[in-house]
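This is input-v3.txt. It holds compact mmCIF, C-alpha atoms.
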```txt
# COMPACT_ATOMS: atom_id res chain seq x y z
CA MET A 1 59.58 88.78 122.74
CA SER A 2 60.58 86.27 125.37
CA HIS A 3 62.65 83.28 124.41
CA ASP A 4 62.58 81.23 127.58
CA HIS A 5 60.55 78.23 126.44
CA ASP A 6 62.46 74.99 126.12
CA HIS A 7 63.26 73.74 122.67
CA GLY A 8 66.92 73.00 123.09
CA ALA A 9 69.73 75.41 123.69
CA HIS A 10 71.06 77.23 120.68
CA ASP A 11 72.41 80.60 119.73
CA PRO A 12 69.83 82.91 118.28
CA ILE A 13 69.68 82.59 114.51
CA GLN A 14 70.85 85.81 112.89
CA ALA A 15 69.23 87.04 109.72
CA SER A 16 72.63 88.19 108.52
CA GLU A 17 76.19 88.40 109.75
CA GLY A 18 76.33 92.03 108.81
CA VAL A 19 78.06 93.63 105.87
CA SER A 20 81.73 94.29 105.37
CA GLU A 21 83.19 97.71 104.75
CA PHE A 22 83.79 96.77 101.13
CA GLU A 23 80.15 95.81 100.71
CA ILE A 24 79.07 99.15 102.16
CA LEU A 25 81.49 100.91 99.81
CA GLU A 26 80.23 98.94 96.80
CA ARG A 27 76.61 99.75 97.65
CA ALA A 28 77.36 103.42 98.14
CA VAL A 29 79.19 103.72 94.83
CA ARG A 30 76.55 101.67 93.04
CA GLU A 31 73.72 103.83 94.39
CA LEU A 32 75.54 107.01 93.43
CA ALA A 33 76.15 105.66 89.92
CA ILE A 34 72.47 104.78 89.57
CA GLU A 35 71.38 108.21 90.85
CA LYS A 36 73.78 109.83 88.41
CA GLY A 37 72.27 107.79 85.58
CA LEU A 38 75.46 105.91 84.61
CA PHE A 39 73.43 102.69 84.64
CA SER A 40 70.14 101.48 86.01
CA GLU A 41 69.38 98.96 88.74
CA GLU A 42 68.19 96.59 86.02
CA ASP A 43 71.48 97.03 84.09
CA HIS A 44 73.38 96.22 87.28
CA ARG A 45 71.30 93.13 87.99
CA ARG A 46 71.67 91.85 84.44
CA PHE A 47 75.41 92.44 84.40
CA SER A 48 75.87 90.66 87.74
CA GLU A 49 73.72 87.76 86.60
CA TRP A 50 75.73 87.42 83.40
CA ALA A 51 79.17 87.96 84.97
CA GLU A 52 78.47 85.41 87.71
CA SER A 53 77.28 82.83 85.16
CA ILE A 54 80.65 82.70 83.37
CA GLY A 55 82.46 79.50 84.25
CA PRO A 56 85.85 78.07 83.28
CA SER A 57 84.63 76.55 79.99
CA GLY A 58 86.28 79.32 77.93
CA GLY A 59 89.64 78.47 79.43
CA SER A 60 89.05 74.75 78.85
CA LYS A 61 88.35 75.48 75.17
CA LEU A 62 91.57 77.48 74.84
CA VAL A 63 93.67 74.67 76.30
CA ALA A 64 91.98 71.84 74.36
CA LYS A 65 92.35 73.78 71.12
CA ALA A 66 96.01 74.52 71.86
CA TRP A 67 96.66 70.83 72.60
CA THR A 68 95.27 69.80 69.22
CA ASP A 69 96.38 72.73 67.05
CA PRO A 70 100.05 73.80 67.34
CA GLU A 71 99.46 76.93 65.28
CA PHE A 72 96.67 78.06 67.59
CA LYS A 73 98.88 77.30 70.57
CA ALA A 74 101.57 79.58 69.14
CA ARG A 75 99.01 82.35 68.63
CA LEU A 76 97.63 81.88 72.15
CA LEU A 77 101.05 82.11 73.76
CA ALA A 78 102.00 85.12 71.63
CA ASP A 79 98.83 87.16 72.21
CA GLY A 80 96.32 85.71 74.65
CA THR A 81 93.75 88.48 74.36
CA GLU A 82 93.65 88.23 70.57
CA ALA A 83 93.58 84.41 70.50
CA CYS A 84 90.58 84.40 72.88
CA LYS A 85 88.47 85.87 70.07
CA GLU A 86 88.89 82.56 68.21
CA VAL A 87 86.83 80.83 70.91
CA GLY A 88 84.35 83.69 71.09
CA ILE A 89 85.76 85.59 74.07
CA ASP A 90 86.42 89.29 73.55
CA TRP A 91 88.14 90.73 76.60
CA LEU A 92 87.19 94.23 75.53
CA ASP A 93 83.52 93.62 74.93
CA PRO A 94 82.45 90.00 75.24
CA THR A 95 78.70 90.50 75.06
CA GLY A 96 78.14 94.16 74.44
CA VAL A 97 77.51 94.81 78.14
CA GLY A 98 81.04 95.39 79.27
CA THR A 99 83.79 93.11 80.45
CA PRO A 100 84.00 91.13 83.67
CA SER A 101 87.69 91.96 83.90
CA ASP A 102 89.06 95.24 85.16
CA TYR A 103 91.96 94.96 82.73
CA THR A 104 92.39 93.34 79.35
CA TYR A 105 95.93 91.99 79.16
CA PHE A 106 95.90 88.23 79.15
CA TYR A 107 98.87 85.89 79.20
CA VAL A 108 98.81 82.09 79.04
CA LEU A 109 101.50 80.27 81.02
CA GLU A 110 102.60 77.00 79.49
CA ASN A 111 103.54 74.16 81.82
CA THR A 112 106.48 72.01 80.70
CA PRO A 113 108.22 69.00 82.21
CA GLU A 114 110.64 71.51 83.77
CA VAL A 115 108.31 74.33 84.86
CA HIS A 116 105.02 74.23 86.76
CA ASN A 117 103.11 77.52 86.86
CA VAL A 118 100.58 78.60 89.47
CA ILE A 119 98.72 81.90 89.80
CA VAL A 120 97.84 84.10 92.76
CA CYS A 121 97.13 87.75 93.49
CA THR A 122 98.72 88.76 96.77
CA LEU A 123 97.40 92.32 96.67
CA CYS A 124 93.72 91.53 96.05
CA SER A 125 92.15 88.72 94.03
CA CYS A 126 92.88 89.43 90.34
CA TYR A 127 91.66 86.51 88.25
CA PRO A 128 91.11 85.96 84.50
CA ARG A 129 87.34 86.14 84.80
CA PRO A 130 86.48 86.28 81.07
CA VAL A 131 88.02 82.81 80.62
CA LEU A 132 87.63 81.20 84.06
CA GLY A 133 84.57 82.94 85.50
CA MET A 134 84.38 83.85 89.17
CA SER A 135 87.33 82.75 91.27
CA PRO A 136 86.82 80.03 93.88
CA ASP A 137 86.39 81.32 97.44
CA TRP A 138 89.73 79.94 98.60
CA TYR A 139 91.56 81.84 95.84
CA ARG A 140 90.46 85.10 97.45
CA THR A 141 91.40 84.18 101.02
CA PRO A 142 94.43 85.76 102.74
CA ASN A 143 95.47 82.21 103.62
CA TYR A 144 96.04 81.21 99.95
CA ARG A 145 97.30 84.64 98.89
CA ARG A 146 99.89 84.97 101.63
CA ARG A 147 101.05 81.40 101.75
CA LEU A 148 101.30 80.57 98.04
CA VAL A 149 104.10 83.08 97.49
CA ARG A 150 105.94 82.12 100.68
CA TRP A 151 105.40 78.34 100.84
CA PRO A 152 104.30 77.34 97.32
CA ARG A 153 105.25 73.68 97.57
CA GLU A 154 103.51 73.25 100.91
CA VAL A 155 100.32 74.87 99.56
CA LEU A 156 100.42 72.74 96.38
CA ALA A 157 100.89 69.66 98.57
CA GLU A 158 97.70 70.58 100.42
CA PHE A 159 95.99 70.36 97.02
CA GLY A 160 97.61 66.96 96.51
CA LEU A 161 100.28 68.18 94.11
CA HIS A 162 103.92 67.24 94.59
CA PHE A 163 106.95 68.03 92.44
CA GLY A 164 110.56 67.03 92.83
CA PRO A 165 113.61 69.30 92.77
CA ASP A 166 113.89 68.87 88.99
CA VAL A 167 110.69 70.89 88.48
CA GLU A 168 110.75 74.66 88.93
CA VAL A 169 107.62 75.83 90.71
CA ARG A 170 106.96 79.28 89.25
CA VAL A 171 104.48 81.48 91.11
CA HIS A 172 102.88 84.32 89.15
CA ASP A 173 101.69 87.15 91.36
CA SER A 174 99.27 89.18 89.22
CA ASN A 175 99.88 92.46 91.01
CA GLN A 176 99.40 94.84 88.09
CA LYS A 177 97.29 94.87 84.94
CA SER A 178 97.87 91.43 83.46
CA ARG A 179 95.72 88.41 84.04
CA PHE A 180 97.12 84.89 83.77
CA MET A 181 95.95 81.38 83.14
CA VAL A 182 97.94 78.15 83.27
CA MET A 183 98.05 75.82 80.27
CA PRO A 184 98.59 72.37 81.77
CA MET A 185 100.38 69.60 79.89
CA ARG A 186 98.20 67.16 78.01
CA PRO A 187 98.00 64.01 80.12
CA GLU A 188 98.72 60.46 79.02
CA GLY A 189 95.81 58.35 77.88
CA THR A 190 94.21 61.11 75.79
CA GLU A 191 95.77 60.17 72.45
CA GLY A 192 93.31 60.58 69.61
CA TRP A 193 90.75 62.40 71.75
CA THR A 194 88.55 65.08 70.21
CA GLU A 195 88.75 68.70 71.31
CA GLU A 196 85.44 68.28 73.17
CA GLN A 197 86.69 65.26 75.10
CA LEU A 198 89.84 67.16 76.04
CA GLU A 199 87.88 70.24 77.18
CA ALA A 200 86.09 68.14 79.80
CA ILE A 201 89.28 67.24 81.65
CA VAL A 202 90.72 70.77 81.65
CA THR A 203 89.11 71.81 84.93
CA ARG A 204 89.30 75.14 86.73
CA ASP A 205 91.98 74.08 89.21
CA THR A 206 94.28 72.82 86.44
CA MET A 207 94.21 76.31 84.93
CA ILE A 208 94.95 77.99 88.27
CA GLY A 209 97.84 75.56 88.63
CA VAL A 210 96.83 73.74 91.82
CA ALA A 211 95.96 70.50 90.01
CA LEU A 212 96.93 68.48 86.93
CA PRO A 213 94.45 67.12 84.39
CA HIS A 214 93.83 63.38 84.24
CA ALA A 215 92.25 61.27 81.52
CA ASP A 216 89.75 59.80 83.99
CA TRP A 217 88.60 62.98 85.72
CA THR A 218 86.18 65.71 84.64
CA ALA A 219 84.43 68.27 86.82
CA SER A 220 81.07 67.80 85.11
CA GLY A 221 79.78 65.18 87.53
CA PRO A 222 80.39 64.03 91.10
CA PRO A 223 83.55 62.01 91.72
CA SER A 224 81.46 58.89 92.43
CA ALA A 225 79.99 59.04 88.91
CA ALA A 226 83.44 59.41 87.36
CA LYS A 227 84.56 56.28 89.18
CA ALA A 228 81.52 54.33 88.04
CA ASN A 229 82.21 55.23 84.43
CA SER A 230 85.84 54.27 84.44
CA MET B 1 107.81 102.98 70.29
CA THR B 2 108.35 102.40 73.95
CA GLU B 3 111.87 103.02 75.11
CA TYR B 4 112.78 100.48 77.74
CA LYS B 5 115.53 101.41 80.15
CA TYR B 6 116.15 97.77 81.03
CA ALA B 7 116.66 94.88 78.62
CA ILE B 8 115.53 91.29 78.85
CA GLY B 9 118.14 89.47 80.94
CA ASP B 10 119.17 92.53 82.97
CA ARG B 11 119.49 92.03 86.69
CA VAL B 12 117.48 94.63 88.57
CA THR B 13 116.72 95.50 92.17
CA VAL B 14 113.32 96.71 93.36
CA ARG B 15 113.72 100.03 95.14
CA ASP B 16 113.26 99.82 98.87
CA GLY B 17 110.65 102.58 98.79
CA THR B 18 107.77 103.44 101.04
CA THR B 19 104.97 100.98 101.63
CA LEU B 20 102.57 103.87 102.21
CA PHE B 21 100.08 104.78 99.50
CA HIS B 22 98.87 102.69 96.59
CA THR B 23 101.84 101.35 94.66
CA ARG B 24 101.01 97.71 93.87
CA THR B 25 104.70 96.98 94.36
CA GLN B 26 104.64 94.27 96.98
CA ALA B 27 106.59 94.86 100.17
CA PHE B 28 108.13 91.40 99.86
CA THR B 29 109.93 92.41 96.65
CA ARG B 30 111.42 95.65 98.01
CA GLY B 31 115.17 95.59 97.98
CA LYS B 32 115.23 92.20 96.27
CA SER B 33 116.98 91.44 92.99
CA GLY B 34 115.73 89.49 90.01
CA VAL B 35 115.96 89.27 86.23
CA VAL B 36 113.88 91.09 83.61
CA VAL B 37 112.20 88.32 81.60
CA GLU B 38 109.49 90.12 79.61
CA TYR B 39 108.40 93.58 78.58
CA ARG B 40 104.93 94.89 79.27
CA PRO B 41 103.31 97.91 77.61
CA GLU B 42 103.40 101.41 79.01
CA TRP B 43 100.65 101.68 81.57
CA VAL B 44 99.48 104.42 83.91
CA ILE B 45 101.24 103.84 87.22
CA PRO B 46 99.08 102.79 90.20
CA GLU B 47 100.31 105.77 92.21
CA ASP B 48 98.35 108.02 89.81
CA GLU B 49 95.42 105.70 89.20
CA ALA B 50 94.78 105.70 92.93
CA TRP B 51 93.94 109.40 92.71
CA GLY B 52 91.67 109.19 89.68
CA ARG B 53 94.43 110.10 87.25
CA ASP B 54 93.71 107.03 85.20
CA ASP B 55 94.60 108.38 81.77
CA ALA B 56 96.84 110.99 80.18
CA GLU B 57 94.08 113.61 80.05
CA ARG B 58 93.66 113.41 83.81
CA GLY B 59 97.38 113.61 84.41
CA GLY B 60 98.14 109.91 84.70
CA ARG B 61 101.80 109.16 84.06
CA TYR B 62 102.62 106.23 81.77
CA GLU B 63 105.62 104.05 82.38
CA PRO B 64 107.04 100.89 80.84
CA PHE B 65 106.38 97.83 82.95
CA TYR B 66 108.50 94.69 83.18
CA VAL B 67 108.06 91.12 84.29
CA VAL B 68 110.76 90.40 86.85
CA ARG B 69 111.61 86.85 87.85
CA PHE B 70 113.00 86.30 91.33
CA LEU B 71 114.53 83.18 92.80
CA GLN B 72 112.36 82.28 95.78
CA LYS B 73 115.45 81.71 97.91
CA ASP B 74 116.39 85.36 97.24
CA LEU B 75 112.95 86.60 98.36
CA TRP B 76 112.54 84.71 101.61
CA PRO B 77 114.80 83.81 104.49
CA ASN B 78 114.89 80.05 105.02
CA TYR B 79 112.86 79.27 101.90
CA THR B 80 111.71 75.69 102.29
CA GLY B 81 111.24 74.76 98.61
CA PHE B 82 113.97 73.98 96.10
CA ASP B 83 116.63 76.27 94.62
CA VAL B 84 115.00 76.22 91.18
CA ASP B 85 111.75 77.80 92.42
CA THR B 86 110.85 81.24 91.15
CA LEU B 87 108.27 84.01 91.41
CA GLU B 88 107.32 86.40 88.64
CA THR B 89 105.57 89.72 89.01
CA GLU B 90 105.20 93.01 87.15
CA VAL B 91 107.08 96.13 88.15
CA SER B 92 106.95 99.66 86.78
CA GLU B 93 110.19 101.25 85.66
CA HIS B 94 110.64 103.79 88.45
CA TRP B 95 110.56 101.01 91.05
CA LEU B 96 113.63 99.39 89.45
CA GLU B 97 117.29 100.17 89.60
CA PRO B 98 120.31 98.27 88.28
CA ALA B 99 120.93 95.28 90.53
CA LYS B 100 122.85 96.00 93.68
CA GLU B 101 124.50 92.66 94.00
CA GLU B 102 126.67 93.91 96.84
CA GLN B 103 123.53 94.26 98.98
CA LYS B 104 123.01 90.55 99.00
```
Output the structure of this file as structure tokens.
Amino acid sequence: MSHDHDHGAHDPIQASEGVSEFEILERAVRELAIEKGLFSEEDHRRFSEWAESIGPSGGSKLVAKAWTDPEFKARLLADGTEACKEVGIDWLDPTGVGTPSDYTYFYVLENTPEVHNVIVCTLCSCYPRPVLGMSPDWYRTPNYRRRLVRWPREVLAEFGLHFGPDVEVRVHDSNQKSRFMVMPMRPEGTEGWTEEQLEAIVTRDTMIGVALPHADWTASGPPSAAKANS
Amino acid sequence: MTEYKYAIGDRVTVRDGTTLFHTRTQAFTRGKSGVVVEYRPEWVIPEDEAWGRDDAERGGRYEPFYVVRFLQKDLWPNYTGFDVDTLETEVSEHWLEPAKEEQK
């Protein structure tokens, strides 16, 4: 088909940018598994739909509960996987259709006035999916993965986070079988808040460790709405 | 009960082994020294998992794992943060040896 008529110069629109080698590998393994009868196409679709619908609300619950219940906090820090069951998250079998995590060892990292924790996976993109859902795109980029371990303060500054020399920035590289989540410090201005109110301000980025929670910020609406309400 | 060769607080050095094959021991930790801060369970080592030996029945070898904490200034030349900054990661026992402080 000719394409010489004049409707403004532009590059031809591509239906797709092609598939990566990993996508080809995933499809090949998936098709083999389906042919072998390990699971059906419908099982795969349902699992993907469910796994991709998990957000960070489980993690927010864990933190809000720990902020209001010192005994729960102690249990959470001692055995993260076990404590998750108290908010309805079973790392071994959350819904009866498997787990969205490849491994089931979960550790919660408590921020203190002296130590700020931040997570990364330099070798791939390990992430505590049962409690935080799918990782943000930037978390999986080589840019974040390479630079966070080498220039952590510069990367945190790009997220708007600055600490002085009295705070130890502690990077956790989840290279093996454990998954990590950061427990931020409860911010000022939240005295007397209910667990539900607290959950709203414990956003995804505060549990990765690239942001701090604030009493006037939740991720449930656009920033303009948050300003209007304050 | 797991018998751990290293104790919490021990200074250890990551062996400067090959970066070929699947080890999950980051190249940037090789030859660097840090402190054991936590124990992990015995897990099948990645070197075996990579070849489908992902449990004992298939020949997967289990090893104690440790959390090792490094000072960032020990990991990187010209580290631009502060002296207090650290990095923690998990290392299997055979990748560790008693700290070779003289290498520093």
* Using only C-alpha atoms, which residues sit within 9 Å of Thr218 (chain A) once same-chain residues fewer than 6 positions away are excluded, as a PyMOL selection string? -> chain A and resi 199-203+226
Contacts of chain A with chain B up to 6 Å, shortest pair per row, only C-alpha atoms, as JSON lines:
```
{"residue": "A:Pro165", "atom": "CA", "partner": "B:Phe82", "partner_atom": "CA", "distance": 5.8}
{"residue": "A:Glu168", "atom": "CA", "partner": "B:Asp85", "partner_atom": "CA", "distance": 4.8}
{"residue": "A:Val169", "atom": "CA", "partner": "B:Asp85", "partner_atom": "CA", "distance": 4.9}
{"residue": "A:Arg170", "atom": "CA", "partner": "B:Thr86", "partner_atom": "CA", "distance": 4.8}
{"residue": "A:Val171", "atom": "CA", "partner": "B:Leu87", "partner_atom": "CA", "distance": 4.6}
{"residue": "A:His172", "atom": "CA", "partner": "B:Glu88", "partner_atom": "CA", "distance": 4.9}
{"residue": "A:Asp173", "atom": "CA", "partner": "B:Thr89", "partner_atom": "CA", "distance": 5.2}
```
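Here the question is which of A:Ile208, A:Glu35, A:Ile54, A:His44 gets nearest to Tyr139 (chain A) using all atoms listed in the file, and that residue is A:Ile208.
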* Asked: Which value, in Å to one decimal, gives the distance between CA of Leu109 (chain A) and CA of Glu49 (chain B)?
  -> 27.4 Å
* Structure fact -> Counting only C-alpha atoms, the residue among A:Val149, A:Leu123, A:Val155, A:Ala74 that lies closest to His22 (chain B) is A:Leu123
Using all atoms of region 43-58 of chain B listed in the file and a margin of 5 Å per side, can you give the axis-aligned box centre and edge lengths in Å to one decimal, as AutoDock Vina command-line options?
```
--center_x 96.5 --center_y 107.6 --center_z 86.5 --size_x 19.6 --size_y 21.9 --size_z 22.9
```
